[in-house]
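Engineer: Pasting a structure below so you can have a look.
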Amino acid sequence: MTLIRPDLDTLPAYVPGRTVPGAIKLASNEVAAPPAPAVLEAIARAAAGGNRYPDLGVVELTGRIADLYALEPERVAVGCGSVTLCQQLVQIGCLGPGDEVLFAWRSFEAYPIVTRIGGAEVRTVPLDADFRHDLVAMAAAVTERTRVVFVCSPNNPTGPAVHRDEFARFLDAVPSDVLVVLDEAYAEYVTDPDAVSGRPLLDAHPNLVVLRTFSKAYRLAGLRVGYALTSEEVATALRKVAPPFGVSSVAQAGAVAALEHREEILADCAAVVAERDRVAAGLRGSGFTVPETQANFVWLPLGDRAAAFATHCGERKVIVRPFATDGVRVTVSTPEENDLLLDVASSFGS
């Protein structure tokens, strides 16, 4: 008899972006600015009550999110980051061994991890030549064993967003007993008018789940707050499998304050978008291929040269995120840090 599940030996490990003292970190898609002052004040007030358990039902934050999206609170589930919600979705969607979770590859690296933890099988469909989801191929890959499909838009780590019309066709093609998860972690940075937004599609598709997070544009990555918009049935199931008190009092207070000051916080996204476009143009000017991106990062499809580029940058105190032999993801940061990245990148191979 074994003490530990033997399949854990083959479980892929999540690889975070490295933090190196004295270097700039462009590896984790974090926002360089700290939380807004009003949010920090709310966090401090909540921390003073750290001797008490948080609100188990996350009632106030759930209500604020529901109001923002014009949904009933029963259709919102809040979790300890959207990654935890991904794992909960596998738990509620998959019945046991043999069930499959489908997603594009390369996409968010947590998908294969949460799939395997949930005891399901990984099924992937390659991105197309433009590093975008091939939704036609993904629809064709759905079988009677498929229980959950993840669609990441904008796609992490490559950047392109899924378009509204193609996603609508995809939803129509997928059986109604398959959970379709639209992961919109970077939605606040999207400027493409043709990009999909999941909220308008929810009422017509009870099997659709839209994931959002406070980690990126709201600048609360360290607090771990994400949420799902979906049908009441799915949201109820997500709450049933959620760990008790999984969203701390500090996280709840910070997220509520962030929503109260939403307009001023999200106004800063425009500067990130401008820098994103400038960085992409600068890298292209240095001879790099850079796919169209709708997030707060750019993708360099360097293939076998990915590790060498990451090492080159690291030696010059710029930390980026290589992905095996596929490419390198670079976070868009402040103008000063972006200038350093462009300078370092321009000397690669010279």
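Numbering starts fresh at 1 for the residues of each chain in the structure tokens, the chains themselves are lettered A, B, ... in the order given, and ligands are numbered from 1 as they appear.
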If we count only C-alpha atoms and set the cut-off at 7 Å, which residues sit around range 257-268 of chain A, ignoring sequence neighbours fewer than 2 positions away in its own chain? Please answer as a PDB file with N, CA, C and O atoms, in the first residue's frame.

Structural biologist:
ATOM      1  N   ALA A  36      -3.837  50.836  -4.824  1.00  0.00           N
ATOM      2  CA  ALA A  36      -4.239  52.224  -4.654  1.00  0.00           C
ATOM      3  C   ALA A  36      -4.275  52.583  -3.165  1.00  0.00           C
ATOM      4  O   ALA A  36      -4.537  51.726  -2.315  1.00  0.00           O
ATOM      5  N   ALA A  38      -6.410  54.085  -1.232  1.00  0.00           N
ATOM      6  CA  ALA A  38      -7.648  53.746  -0.540  1.00  0.00           C
ATOM      7  C   ALA A  38      -7.753  52.244  -0.288  1.00  0.00           C
ATOM      8  O   ALA A  38      -8.323  51.809   0.726  1.00  0.00           O
ATOM      9  N   VAL A  39      -7.215  51.466  -1.196  1.00  0.00           N
ATOM     10  CA  VAL A  39      -7.211  50.010  -1.024  1.00  0.00           C
ATOM     11  C   VAL A  39      -6.266  49.621   0.110  1.00  0.00           C
ATOM     12  O   VAL A  39      -6.590  48.771   0.948  1.00  0.00           O
ATOM     13  N   ALA A  42      -7.950  50.220   3.379  1.00  0.00           N
ATOM     14  CA  ALA A  42      -8.938  49.179   3.690  1.00  0.00           C
ATOM     15  C   ALA A  42      -8.258  47.893   4.144  1.00  0.00           C
ATOM     16  O   ALA A  42      -8.732  47.216   5.072  1.00  0.00           O
ATOM     17  N   ALA A 217      -5.056  43.948 -13.284  1.00  0.00           N
ATOM     18  CA  ALA A 217      -5.348  45.377 -13.424  1.00  0.00           C
ATOM     19  C   ALA A 217      -5.662  46.045 -12.091  1.00  0.00           C
ATOM     20  O   ALA A 217      -5.374  47.234 -11.909  1.00  0.00           O
ATOM     21  N   TYR A 218      -6.226  45.303 -11.132  1.00  0.00           N
ATOM     22  CA  TYR A 218      -6.542  45.890  -9.830  1.00  0.00           C
ATOM     23  C   TYR A 218      -5.338  45.907  -8.891  1.00  0.00           C
ATOM     24  O   TYR A 218      -5.432  46.419  -7.770  1.00  0.00           O
ATOM     25  N   ALA A 253     -11.609  42.765   1.969  1.00  0.00           N
ATOM     26  CA  ALA A 253     -11.655  44.217   2.160  1.00  0.00           C
ATOM     27  C   ALA A 253     -10.928  44.945   1.038  1.00  0.00           C
ATOM     28  O   ALA A 253     -11.406  45.976   0.537  1.00  0.00           O
ATOM     29  N   GLY A 254      -9.780  44.414   0.638  1.00  0.00           N
ATOM     30  CA  GLY A 254      -9.027  45.044  -0.447  1.00  0.00           C
ATOM     31  C   GLY A 254      -9.784  45.015  -1.759  1.00  0.00           C
ATOM     32  O   GLY A 254      -9.797  46.006  -2.507  1.00  0.00           O
ATOM     33  N   ALA A 255     -10.439  43.899  -2.041  1.00  0.00           N
ATOM     34  CA  ALA A 255     -11.182  43.785  -3.295  1.00  0.00           C
ATOM     35  C   ALA A 255     -12.408  44.690  -3.294  1.00  0.00           C
ATOM     36  O   ALA A 255     -12.735  45.311  -4.313  1.00  0.00           O
ATOM     37  N   ALA A 270      -4.665  52.279 -19.380  1.00  0.00           N
ATOM     38  CA  ALA A 270      -4.348  52.943 -20.649  1.00  0.00           C
ATOM     39  C   ALA A 270      -2.848  53.146 -20.802  1.00  0.00           C
ATOM     40  O   ALA A 270      -2.298  52.993 -21.904  1.00  0.00           O
ATOM     41  N   ALA A 271      -2.172  53.474 -19.711  1.00  0.00           N
ATOM     42  CA  ALA A 271      -0.715  53.651 -19.776  1.00  0.00           C
ATOM     43  C   ALA A 271      -0.022  52.321 -20.045  1.00  0.00           C
ATOM     44  O   ALA A 271       0.971  52.266 -20.790  1.00  0.00           O
ATOM     45  N   VAL A 272      -0.535  51.248 -19.455  1.00  0.00           N
ATOM     46  CA  VAL A 272       0.043  49.922 -19.705  1.00  0.00           C
ATOM     47  C   VAL A 272      -0.137  49.540 -21.172  1.00  0.00           C
ATOM     48  O   VAL A 272       0.785  49.012 -21.806  1.00  0.00           O
TER      49      VAL A 272
END

Engineer: Report the closest atom pair, with its distance in Å rounded to one decimal, for each residue of range 139-207 of chain A that has an atom no farther than 6 Å from range 293-305 of chain A; count only C-alpha atoms, sort by chain and then rising residue number, and write it as JSON lines.

Structural biologist:
{"residue": "A:Pro154", "atom": "CA", "partner": "A:Gln294", "partner_atom": "CA", "distance": 5.9}
{"residue": "A:Thr158", "atom": "CA", "partner": "A:Trp299", "partner_atom": "CA", "distance": 5.0}
{"residue": "A:Gly159", "atom": "CA", "partner": "A:Thr293", "partner_atom": "CA", "distance": 4.1}
{"residue": "A:Pro160", "atom": "CA", "partner": "A:Thr293", "partner_atom": "CA", "distance": 4.7}
{"residue": "A:Tyr186", "atom": "CA", "partner": "A:Ala295", "partner_atom": "CA", "distance": 5.5}
{"residue": "A:Tyr189", "atom": "CA", "partner": "A:Ala295", "partner_atom": "CA", "distance": 5.4}
{"residue": "A:Val190", "atom": "CA", "partner": "A:Gln294", "partner_atom": "CA", "distance": 4.9}

Engineer: Smallest atom-to-atom distance to Phe323 in chain A: which of A:Ala27, A:Val181, A:Val209, A:Ala33, using only C-alpha atoms?

Structural biologist: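 Smallest separation from Phe323 in chain A among the options: A:Ala27.
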
Engineer: For Asp9 in chain A, which residue out of A:Val149, A:Ile117, A:Cys313, A:Val178 is the nearest one, using only C-alpha atoms?

Structural biologist: A:Ile117

Engineer: Which residue out of A:Leu56, A:Leu171, A:Leu211, A:Leu8 has the minimum interatomic distance to Gly119 in chain A when only C-alpha atoms are used?

Structural biologist: A:Leu8

Engineer: Would you work out the distance separating CA of Phe245 in chain A from CA of Leu182 in chain A, expressed in Å to one decimal?

Structural biologist: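 Computing the Euclidean distance for CA of Phe245 in chain A and CA of Leu182 in chain A yields 25.3 Å.
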
Engineer: Which residues come within 7 Å of range 339-347 of chain A, counting only C-alpha atoms, excluding same-chain residues fewer than 6 positions away, as a ChimeraX atom specification?

Structural biologist: /A:282-283,286,313,318

Engineer: Keeping N, CA and C atoms for every residue in the selection just given, could you write it to a file as a short mmCIF file (atom, residue, chain, number, x, y, z; two decimals), in the first residue's frame?

Structural biologist:
data_model
loop_
_atom_site.label_atom_id
_atom_site.label_comp_id
_atom_site.auth_asym_id
_atom_site.auth_seq_id
_atom_site.Cartn_x
_atom_site.Cartn_y
_atom_site.Cartn_z
N GLY A 282 9.11 48.14 -30.42
CA GLY A 282 10.56 48.19 -30.23
C GLY A 282 11.22 46.83 -30.43
N LEU A 283 10.58 45.79 -29.93
CA LEU A 283 11.13 44.45 -30.11
C LEU A 283 11.09 44.03 -31.58
N SER A 286 13.88 45.42 -33.40
CA SER A 286 15.16 44.73 -33.16
C SER A 286 15.20 43.36 -33.82
N CYS A 313 19.15 38.01 -20.68
CA CYS A 313 18.49 39.07 -19.94
C CYS A 313 18.85 39.02 -18.46
N VAL A 318 17.66 41.69 -15.86
CA VAL A 318 16.28 41.72 -16.32
C VAL A 318 15.76 40.28 -16.30
#

Engineer: So that I can check the surroundings of Leu85 in chain A, please list as JSON, numbers by chain every protein, DNA and RNA residue that reaches within 9 Å of it, counting only C-alpha atoms and ignoring chain neighbours fewer than 5 positions away.

Structural biologist: {"A": [77, 78, 79, 80, 90, 211, 226, 227, 228, 238, 242]}

Engineer: Generate a file of the selected residues that holds C-alpha atoms, formatted as a tab-separated table (two decimals), in the first residue's frame.

Structural biologist:
chain	number	residue	atom	x	y	z
A	77	ALA	CA	-18.55	32.56	-6.86
A	78	VAL	CA	-15.49	34.17	-5.28
A	79	GLY	CA	-12.30	32.20	-4.76
A	80	CYS	CA	-8.70	32.37	-3.60
A	90	VAL	CA	-12.36	20.48	-12.60
A	211	LEU	CA	-13.35	33.92	-14.77
A	226	GLY	CA	-10.68	35.82	-8.24
A	227	TYR	CA	-14.29	35.23	-9.16
A	228	ALA	CA	-16.54	33.29	-11.49
A	238	LEU	CA	-18.24	25.95	-6.89
A	242	ALA	CA	-14.44	25.73	-2.00

Engineer: Please determine, counting only C-alpha atoms, which residue among A:Val256, A:Ala307, A:Leu208, A:Val250 has the shortest atom-to-atom distance to Leu68 in chain A.

Structural biologist: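 For Leu68 in chain A, the nearest of the given residues is A:Val256.
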
Engineer: Could you pull out the residues in range 152-199 of chain A that DSSP calls strand (DSSP E or B) from the backbone, as a list of chain:residue names?

Structural biologist: A:Cys152, A:His163, A:Leu179, A:Val180, A:Val181, A:Leu182, A:Asp183, A:Ala195

Engineer: For those residues, write N, CA, C and O atoms to a file as a PDB file, in the first residue's frame.

Structural biologist:
ATOM      1  N   CYS A 152      -8.570  30.656 -22.793  1.00  0.00           N
ATOM      2  CA  CYS A 152      -7.899  31.781 -22.143  1.00  0.00           C
ATOM      3  C   CYS A 152      -7.835  32.958 -23.121  1.00  0.00           C
ATOM      4  O   CYS A 152      -7.201  32.865 -24.172  1.00  0.00           O
ATOM      5  N   HIS A 163     -11.885  36.122 -30.577  1.00  0.00           N
ATOM      6  CA  HIS A 163     -12.879  37.051 -31.110  1.00  0.00           C
ATOM      7  C   HIS A 163     -14.304  36.618 -30.764  1.00  0.00           C
ATOM      8  O   HIS A 163     -14.590  35.435 -30.589  1.00  0.00           O
ATOM      9  N   LEU A 179     -18.690  21.971 -19.443  1.00  0.00           N
ATOM     10  CA  LEU A 179     -18.397  23.298 -18.915  1.00  0.00           C
ATOM     11  C   LEU A 179     -17.395  24.004 -19.824  1.00  0.00           C
ATOM     12  O   LEU A 179     -16.324  23.461 -20.121  1.00  0.00           O
ATOM     13  N   VAL A 180     -17.736  25.198 -20.270  1.00  0.00           N
ATOM     14  CA  VAL A 180     -16.825  26.020 -21.067  1.00  0.00           C
ATOM     15  C   VAL A 180     -16.391  27.193 -20.193  1.00  0.00           C
ATOM     16  O   VAL A 180     -17.224  27.996 -19.751  1.00  0.00           O
ATOM     17  N   VAL A 181     -15.096  27.269 -19.932  1.00  0.00           N
ATOM     18  CA  VAL A 181     -14.554  28.270 -19.021  1.00  0.00           C
ATOM     19  C   VAL A 181     -13.789  29.307 -19.830  1.00  0.00           C
ATOM     20  O   VAL A 181     -12.770  28.996 -20.455  1.00  0.00           O
ATOM     21  N   LEU A 182     -14.285  30.532 -19.839  1.00  0.00           N
ATOM     22  CA  LEU A 182     -13.612  31.636 -20.516  1.00  0.00           C
ATOM     23  C   LEU A 182     -12.807  32.389 -19.465  1.00  0.00           C
ATOM     24  O   LEU A 182     -13.354  33.105 -18.629  1.00  0.00           O
ATOM     25  N   ASP A 183     -11.512  32.230 -19.505  1.00  0.00           N
ATOM     26  CA  ASP A 183     -10.602  32.808 -18.521  1.00  0.00           C
ATOM     27  C   ASP A 183     -10.177  34.197 -18.999  1.00  0.00           C
ATOM     28  O   ASP A 183      -9.363  34.337 -19.903  1.00  0.00           O
ATOM     29  N   ALA A 195     -12.836  41.549 -29.756  1.00  0.00           N
ATOM     30  CA  ALA A 195     -12.548  40.548 -28.732  1.00  0.00           C
ATOM     31  C   ALA A 195     -13.821  40.151 -27.993  1.00  0.00           C
ATOM     32  O   ALA A 195     -14.731  40.959 -27.787  1.00  0.00           O
TER      33      ALA A 195
END
